[in-house]
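Novice: Sending over model_11.txt (compact mmCIF, C-alpha atoms).
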```
# COMPACT_ATOMS: atom_id res chain seq x y z
CA MET F 189 -0.89 27.30 -8.63
CA THR F 190 0.34 29.69 -6.00
CA THR F 191 1.91 28.76 -2.74
CA ASP F 192 1.42 32.05 -0.93
CA VAL F 193 -0.43 30.33 1.86
CA THR F 194 0.21 31.71 5.27
CA THR F 195 0.59 28.74 7.55
CA THR F 196 -0.31 29.26 11.14
CA MET F 197 2.56 27.49 12.78
CA ASP F 198 0.92 26.53 15.99
CA GLU F 199 1.84 23.21 17.57
CA GLU F 200 -0.83 21.26 15.74
CA VAL F 201 0.46 22.31 12.33
CA SER F 202 3.45 20.07 12.72
CA PHE F 203 1.08 17.11 12.89
CA VAL F 204 2.02 15.56 9.58
CA PRO F 205 2.41 11.82 8.86
CA SER F 206 5.97 10.70 9.55
CA PHE F 207 6.69 9.10 6.20
CA ASP F 208 10.39 8.39 6.45
CA ASP F 209 10.74 6.70 9.81
CA GLU F 210 11.55 3.25 8.49
CA ALA F 211 13.97 4.57 5.91
CA GLU F 212 15.95 6.33 8.61
CA SER F 213 16.12 3.12 10.61
CA GLY F 214 17.55 1.32 7.55
CA ARG F 215 14.95 -1.44 7.69
CA LYS F 216 15.69 -4.33 5.31
CA LEU F 217 13.66 -7.36 4.30
CA ALA F 218 15.08 -10.55 2.78
CA ILE F 219 12.72 -13.11 1.27
CA ILE F 220 13.87 -16.55 0.23
CA CYS F 221 11.65 -17.96 -2.53
CA SER F 222 12.08 -21.72 -2.65
CA LYS F 223 8.80 -22.80 -4.27
CA GLY F 224 7.60 -22.82 -7.85
CA ASN F 225 3.87 -23.30 -7.26
CA LEU F 226 1.62 -20.43 -8.27
CA ASP F 227 0.13 -20.09 -4.80
CA MET F 228 3.56 -20.12 -3.17
CA ALA F 229 4.93 -17.42 -5.48
CA TYR F 230 2.45 -14.74 -4.48
CA PRO F 231 3.17 -14.34 -0.75
CA ALA F 232 6.74 -13.25 -1.52
CA LEU F 233 5.64 -10.94 -4.33
CA ILE F 234 2.88 -9.28 -2.30
CA LEU F 235 4.97 -8.84 0.84
CA GLY F 236 8.09 -7.71 -1.02
CA ASN F 237 6.10 -5.19 -3.01
CA ALA F 238 4.33 -3.91 0.10
CA ALA F 239 7.67 -3.50 1.87
CA LEU F 240 9.05 -1.48 -1.05
CA GLY F 241 6.03 0.79 -0.85
CA GLU F 242 6.95 1.43 2.78
CA GLY F 243 10.46 2.49 1.87
CA ILE F 244 12.02 -0.77 3.07
CA GLU F 245 15.04 -2.21 1.23
CA VAL F 246 13.99 -5.58 -0.24
CA HIS F 247 16.06 -8.54 -1.46
CA LEU F 248 14.48 -11.64 -3.00
CA PHE F 249 16.63 -14.78 -3.23
CA PHE F 250 15.39 -17.51 -5.58
CA THR F 251 16.47 -21.04 -4.83
CA PHE F 252 15.43 -24.58 -5.80
CA TRP F 253 11.89 -24.54 -7.26
CA GLY F 254 11.77 -20.78 -6.73
CA PHE F 255 13.90 -20.62 -9.89
CA ASP F 256 10.71 -21.22 -11.86
CA MET F 257 9.69 -17.68 -10.88
CA ILE F 258 12.72 -16.13 -12.63
CA ASN F 259 13.35 -18.65 -15.42
CA LYS F 260 12.16 -17.03 -18.66
CA LYS F 261 10.75 -20.37 -19.82
CA THR F 262 8.65 -21.11 -16.75
CA GLN F 263 7.76 -17.89 -14.94
CA GLY F 264 4.60 -17.24 -16.94
CA ASP F 265 3.31 -20.76 -16.45
CA LEU F 266 3.37 -21.53 -12.72
CA GLN F 267 0.72 -24.04 -11.70
CA PHE F 268 -1.56 -24.60 -8.76
CA SER F 269 -2.62 -28.04 -7.53
CA TYR F 270 -4.57 -28.76 -4.38
CA LEU F 271 -3.10 -32.22 -4.09
CA GLY F 272 -2.03 -32.53 -0.46
CA ASN F 273 -3.84 -29.32 0.46
CA THR F 274 -6.80 -30.35 2.59
CA ALA F 275 -7.86 -26.71 3.02
CA MET F 276 -9.00 -26.52 -0.60
CA HIS F 277 -12.67 -25.75 -1.11
CA PRO F 278 -14.54 -24.53 -4.18
CA PRO F 279 -14.53 -20.70 -4.38
CA GLY F 280 -16.86 -19.27 -1.75
CA MET F 281 -17.99 -22.72 -0.57
CA PHE F 282 -16.40 -22.80 2.84
CA GLY F 283 -16.88 -26.10 4.65
CA VAL F 284 -17.11 -28.06 1.37
CA HIS F 285 -14.09 -30.27 0.80
CA MET F 286 -12.67 -31.17 -2.58
CA PRO F 287 -11.84 -34.90 -2.73
CA GLN F 288 -8.06 -35.27 -2.75
CA GLY F 289 -8.22 -38.01 -5.37
CA MET F 290 -9.79 -35.61 -7.84
CA ALA F 291 -6.72 -33.39 -7.70
CA GLY F 292 -4.74 -36.10 -9.45
CA LEU F 293 -7.10 -36.44 -12.39
CA PRO F 294 -5.79 -35.35 -15.79
CA GLY F 295 -6.60 -31.72 -16.48
CA MET F 296 -7.36 -30.87 -12.88
CA THR F 297 -4.16 -28.89 -12.28
CA ALA F 298 -4.83 -26.87 -15.43
CA ALA F 299 -8.37 -26.16 -14.24
CA THR F 300 -7.40 -25.13 -10.71
CA THR F 301 -4.55 -23.01 -12.08
CA LYS F 302 -6.90 -21.22 -14.44
CA MET F 303 -9.35 -20.63 -11.61
CA MET F 304 -6.72 -19.20 -9.28
CA LYS F 305 -5.25 -16.99 -12.01
CA LYS F 306 -8.69 -15.56 -12.68
CA GLN F 307 -9.25 -14.83 -8.99
CA ILE F 308 -5.91 -13.04 -8.84
CA ALA F 309 -6.55 -11.08 -12.03
CA ASP F 310 -9.99 -10.06 -10.75
CA LEU F 311 -8.20 -8.24 -7.93
CA ASP F 312 -6.07 -6.40 -10.50
CA VAL F 313 -3.00 -8.15 -9.12
CA PRO F 314 -0.45 -8.78 -11.89
CA GLU F 315 0.81 -12.14 -13.07
CA VAL F 316 4.23 -13.29 -11.87
CA PRO F 317 6.37 -11.85 -14.72
CA GLU F 318 4.80 -8.40 -14.52
CA PHE F 319 4.89 -8.48 -10.72
CA LEU F 320 8.64 -9.11 -10.73
CA GLU F 321 9.14 -6.25 -13.21
CA MET F 322 7.16 -4.00 -10.89
CA ILE F 323 9.23 -5.05 -7.86
CA HIS F 324 12.41 -4.33 -9.78
CA ALA F 325 11.09 -0.95 -10.94
CA SER F 326 10.24 -0.15 -7.32
CA GLY F 327 13.87 -0.69 -6.36
CA GLY F 328 13.67 -4.33 -5.19
CA HIS F 329 16.70 -6.59 -5.69
CA LEU F 330 16.39 -10.06 -7.24
CA TRP F 331 19.12 -12.66 -6.71
CA ALA F 332 19.49 -16.21 -8.02
CA CYS F 333 21.04 -19.04 -6.01
CA ARG F 334 24.41 -20.32 -7.29
CA MET F 335 23.88 -23.93 -6.24
CA SER F 336 20.41 -24.15 -7.80
CA ALA F 337 21.71 -22.65 -11.03
CA ASP F 338 24.53 -25.20 -11.12
CA MET F 339 22.17 -28.08 -10.32
CA MET F 340 19.70 -27.10 -13.03
CA LYS F 341 22.43 -26.04 -15.45
CA LEU F 342 20.94 -22.58 -15.81
CA HIS F 343 22.87 -19.43 -16.66
CA GLU F 344 22.18 -15.70 -16.43
CA GLU F 345 20.82 -15.67 -19.97
CA ASP F 346 18.13 -18.16 -18.92
CA LEU F 347 16.89 -15.79 -16.24
CA ILE F 348 14.86 -12.60 -16.54
CA ASP F 349 16.92 -9.42 -16.92
CA GLU F 350 15.75 -8.07 -13.57
CA VAL F 351 17.89 -10.67 -11.77
CA GLU F 352 21.03 -8.83 -10.65
CA GLY F 353 23.22 -11.88 -10.37
CA ILE F 354 23.71 -15.52 -9.52
CA ILE F 355 25.25 -15.48 -6.08
CA SER F 356 26.25 -17.89 -3.35
CA ALA F 357 24.41 -18.34 -0.09
CA SER F 358 27.21 -16.54 1.74
CA ASP F 359 27.02 -13.60 -0.70
CA PHE F 360 23.34 -13.35 0.11
CA MET F 361 24.06 -13.40 3.84
CA GLU F 362 26.47 -10.48 3.39
CA ILE F 363 24.02 -8.49 1.27
CA THR F 364 21.19 -8.99 3.75
CA ASP F 365 23.18 -8.17 6.89
CA GLY F 366 20.73 -7.02 9.55
CA ALA F 367 17.64 -7.81 7.45
CA GLN F 368 14.42 -9.36 8.63
CA LEU F 369 14.02 -12.68 6.85
CA LEU F 370 11.16 -14.67 5.39
CA PHE F 371 11.53 -18.19 4.03
CA ILE F 372 8.80 -19.25 1.65
CA MET R 111 -10.32 12.97 15.71
CA PRO R 112 -7.54 15.54 16.12
CA THR R 113 -7.63 18.81 14.23
CA THR R 114 -4.68 20.69 12.84
CA THR R 115 -4.23 24.00 11.10
CA ILE R 116 -2.85 23.87 7.58
CA ALA R 117 -2.71 26.85 5.24
CA GLY R 118 -4.58 28.83 7.86
CA ARG R 119 -7.49 26.39 7.92
CA PRO R 120 -8.51 24.14 10.77
CA LEU R 121 -8.72 20.60 9.36
CA GLU R 122 -9.77 17.31 10.84
CA VAL R 123 -7.14 14.60 10.45
CA ASN R 124 -6.86 10.99 11.59
CA GLU R 125 -4.39 9.67 14.14
CA GLU R 126 -1.67 9.52 11.47
CA GLY R 127 -2.28 13.03 10.14
CA PHE R 128 -4.23 12.18 6.96
CA LEU R 129 -7.21 14.42 6.17
CA THR R 130 -10.45 12.71 7.13
CA HIS R 131 -12.78 14.70 4.83
CA PRO R 132 -11.82 14.51 1.14
CA ASP R 133 -14.11 17.48 0.48
CA ASP R 134 -11.84 19.72 2.58
CA TRP R 135 -9.22 19.46 -0.14
CA THR R 136 -8.38 22.09 -2.73
CA GLU R 137 -5.44 22.23 -5.12
CA ASP R 138 -3.91 25.03 -3.05
CA LEU R 139 -4.17 22.86 0.03
CA GLY R 140 -2.52 20.04 -1.93
CA VAL R 141 0.45 22.31 -2.59
CA GLU R 142 0.76 22.98 1.13
CA LEU R 143 0.34 19.30 2.11
CA ALA R 144 3.11 18.41 -0.33
CA ARG R 145 5.35 21.15 1.08
CA LEU R 146 4.83 19.80 4.60
CA ILE R 147 6.26 16.44 3.52
CA GLY R 148 9.10 18.01 1.57
CA ILE R 149 7.72 17.82 -1.97
CA GLU R 150 7.46 20.76 -4.35
CA LEU R 151 4.68 19.90 -6.79
CA THR R 152 5.37 20.06 -10.50
CA GLU R 153 3.02 19.22 -13.37
CA ALA R 154 4.45 15.70 -13.27
CA HIS R 155 3.18 15.38 -9.68
CA TRP R 156 -0.22 16.80 -10.53
CA VAL R 157 -1.08 14.11 -13.10
CA PRO R 158 -1.23 11.28 -10.52
CA ILE R 159 -2.68 13.56 -7.81
CA ARG R 160 -5.57 14.58 -10.05
CA PHE R 161 -6.08 10.94 -10.98
CA LEU R 162 -6.28 10.01 -7.29
CA ARG R 163 -8.95 12.66 -6.76
CA THR R 164 -11.13 11.61 -9.71
CA ASP R 165 -10.65 7.88 -9.07
CA HIS R 166 -11.50 8.24 -5.39
CA ALA R 167 -14.63 10.19 -6.30
CA ALA R 168 -15.65 7.50 -8.79
CA MET R 169 -14.67 4.34 -6.90
CA GLY R 170 -15.06 5.43 -3.29
CA GLU R 171 -11.56 4.36 -2.32
CA THR R 172 -8.00 5.53 -2.77
CA PRO R 173 -6.29 3.78 -5.71
CA THR R 174 -3.24 1.64 -4.99
CA LEU R 175 0.14 2.41 -6.53
CA ARG R 176 -0.39 -0.22 -9.22
CA ARG R 177 -3.79 1.18 -10.12
CA VAL R 178 -2.34 4.69 -10.39
CA SER R 179 0.40 3.33 -12.63
CA THR R 180 -1.83 1.23 -14.90
CA GLN R 181 -4.56 3.85 -15.21
CA THR R 182 -2.33 6.91 -15.81
CA GLY R 183 0.39 5.11 -17.78
CA ILE R 184 3.06 6.50 -15.44
CA ASP R 185 5.49 3.72 -14.60
CA VAL R 186 6.06 2.71 -11.00
CA LYS R 187 9.69 3.81 -11.07
CA THR R 188 8.66 7.36 -12.02
CA LEU R 189 6.11 7.43 -9.20
CA PHE R 190 8.84 6.39 -6.75
CA GLY R 191 10.94 9.26 -8.14
CA LEU R 192 8.15 11.82 -7.72
CA PHE R 193 7.05 10.68 -4.26
CA PRO R 194 10.15 9.02 -2.81
CA LYS R 195 10.10 5.90 -0.63
CA LYS R 196 6.36 5.68 0.05
CA PRO R 197 4.65 6.85 -3.13
CA ALA R 198 1.18 5.40 -2.48
CA LYS R 199 0.87 6.95 0.96
CA LYS R 200 2.45 10.25 0.00
CA MET R 201 0.21 10.67 -3.04
CA ALA R 202 -2.83 9.89 -0.89
CA TYR R 203 -1.73 12.45 1.71
CA VAL R 204 -1.14 15.20 -0.84
CA ALA R 205 -4.49 14.41 -2.48
CA GLY R 206 -6.23 14.72 0.89
CA LEU R 207 -7.40 11.10 0.81
CA PRO R 208 -7.06 8.11 3.16
CA LYS R 209 -4.19 5.66 2.65
CA PRO R 210 -4.98 3.02 0.02
CA LYS R 211 -6.40 -0.18 1.49
CA GLY R 212 -5.44 -2.61 -1.28
CA CYS R 213 -2.35 -4.80 -0.97
CA VAL R 214 -0.96 -4.30 -4.48
```
Here is a file; write its structure as structure tokens.
Specialist:
Amino acid sequence: MTTDVTTTMDEEVSFVPSFDDEAESGRKLAIICSKGNLDMAYPALILGNAALGEGIEVHLFFTFWGFDMINKKTQGDLQFSYLGNTAMHPPGMFGVHMPQGMAGLPGMTAATTKMMKKQIADLDVPEVPEFLEMIHASGGHLWACRMSADMMKLHEEDLIDEVEGIISASDFMEITDGAQLLFI
Amino acid sequence: MPTTTIAGRPLEVNEEGFLTHPDDWTEDLGVELARLIGIELTEAHWVPIRFLRTDHAAMGETPTLRRVSTQTGIDVKTLFGLFPKKPAKKMAYVAGLPKPKGCV
């Protein structure tokens, strides 16, 4: 492959996508993950991953039920229930409502979880454990909440290796100085 | 659509500067596109770039970063190292393709 191309440096030649604008502005995104439901885990993962792909510094802070996303014992088994979610309709059947009472029947959460996982996998979107590995490999930072860890009696060894530390809320505020923030 | 001159060739690009006609692309042009965004292509860069070209031809859309990683076996961290900060967009640009549309 040779590079002996003679570039005509007229004004239009400099028209190249400006890839590093955000990086120069030091844009940061902080996402607080406070839920352990399957459908509440994905918004943070998708947005955090997208931000990393844009060169934005990303910090995820896991607190309360969000710990289920980073707890080795639970992260592969997040569940989805439509109990209390009146927007639920069978796949593709917009305008058809699922009776709320049915959501409480035995086996229903397993069925809806399986269905949602399949829909996600069909899009070639990874499951939660692999997604967090990918975010970490892309340079994202994962932090666990000190108070939640103390409440649940969890220690660093209970959490996935990608978690950089168990830190206090004030530590997180310092780390995310100037960041845009999402609470999920 | 604006046009620009790259490697001595007039090329149609979109409002962000991405090539609008994938067929305009050649490997020599890829070298120049990479140079314009500060990347000197090595064989390690060419593996994902060639994958982007063949996958786009087969699927009709630019693969996302995850698809490049899972299909080529190159881990995401390495892709970030080869095409710093915005690997999916930079690979697409160098390969003369539109930005990927997928979220992940």
Novice: Can you tell me which residues surround segment 198-209 of chain R at a distance of at most 10 Å, considering all atoms listed in the file, apart from same-chain residues fewer than 5 positions away, and format the answer as a PyMOL selection string?
Specialist: (chain F and resi 204-205+207+241-242) or (chain R and resi 123-124+126-137+139-147+149+151+155-156+158-163+166+171-176+178+189-190+192-193)
Novice: Using all atoms listed in the file, which of F:Phe203, F:Phe249, F:Phe282, F:Tyr270 sits nearest Thr297 of chain F?
Specialist: F:Tyr270
Novice: Write down, as a list in words, each residue of chain R that has any atom within 6 Å of an atom of chain F, counting only C-alpha atoms.
Specialist: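 The contacting residues on chain R are Thr114, Thr115, Ile116, Ala117, Gly118, Glu126, Gly127, Lys187, Lys195 and Lys196 of chain R.
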Novice: Which residue out of F:Glu350, F:Glu315, F:Asp265, F:Asp365 has the minimum interatomic distance to Gly214 of chain F when only C-alpha atoms are used?
Specialist: F:Asp365
Novice: When you draw a straight line from atom CA of Leu226 of chain F to atom CA of Trp331 of chain F, how long is it in Å?
Specialist: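 Computing it gives 19.2 Å between the two atoms.
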Novice: Calculated over all atoms listed in the file, which of the candidates F:Ala357, F:Ala367, F:Met304, F:Ala299 has the smallest distance to Ile219 of chain F?
Specialist: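 Closest to Ile219 of chain F, using all atoms listed in the file: F:Ala367.
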Novice: May I have the protein, DNA and RNA residues with an atom at most 12 Å from (-6.6, -34.3, -7.8), counting all atoms listed in the file in the file's coordinates, returned as a PyMOL selection string?
Specialist: chain F and resi 268-274+276+286-300
Novice: To one decimal place, how far is atom CA of Ser336 of chain F from atom CA of Lys305 of chain F in Å?
Specialist: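 That distance, rounded to one decimal, is 27.0 Å.
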Novice: May I ask for the distance between atom CA of Phe360 of chain F and atom CA of Arg215 of chain F, given in Å to one decimal place?
Specialist: 16.4 Å
Novice: Output, as AutoDock Vina command-line options, the centre and edge lengths in Å (one decimal) of the axis-aligned box that contains all listed atoms of segment 194-198 of chain R with 5 Å of margin on each side.
Specialist:
```
--center_x 5.7 --center_y 7.2 --center_z -1.5 --size_x 19.0 --size_y 13.6 --size_z 13.2
```
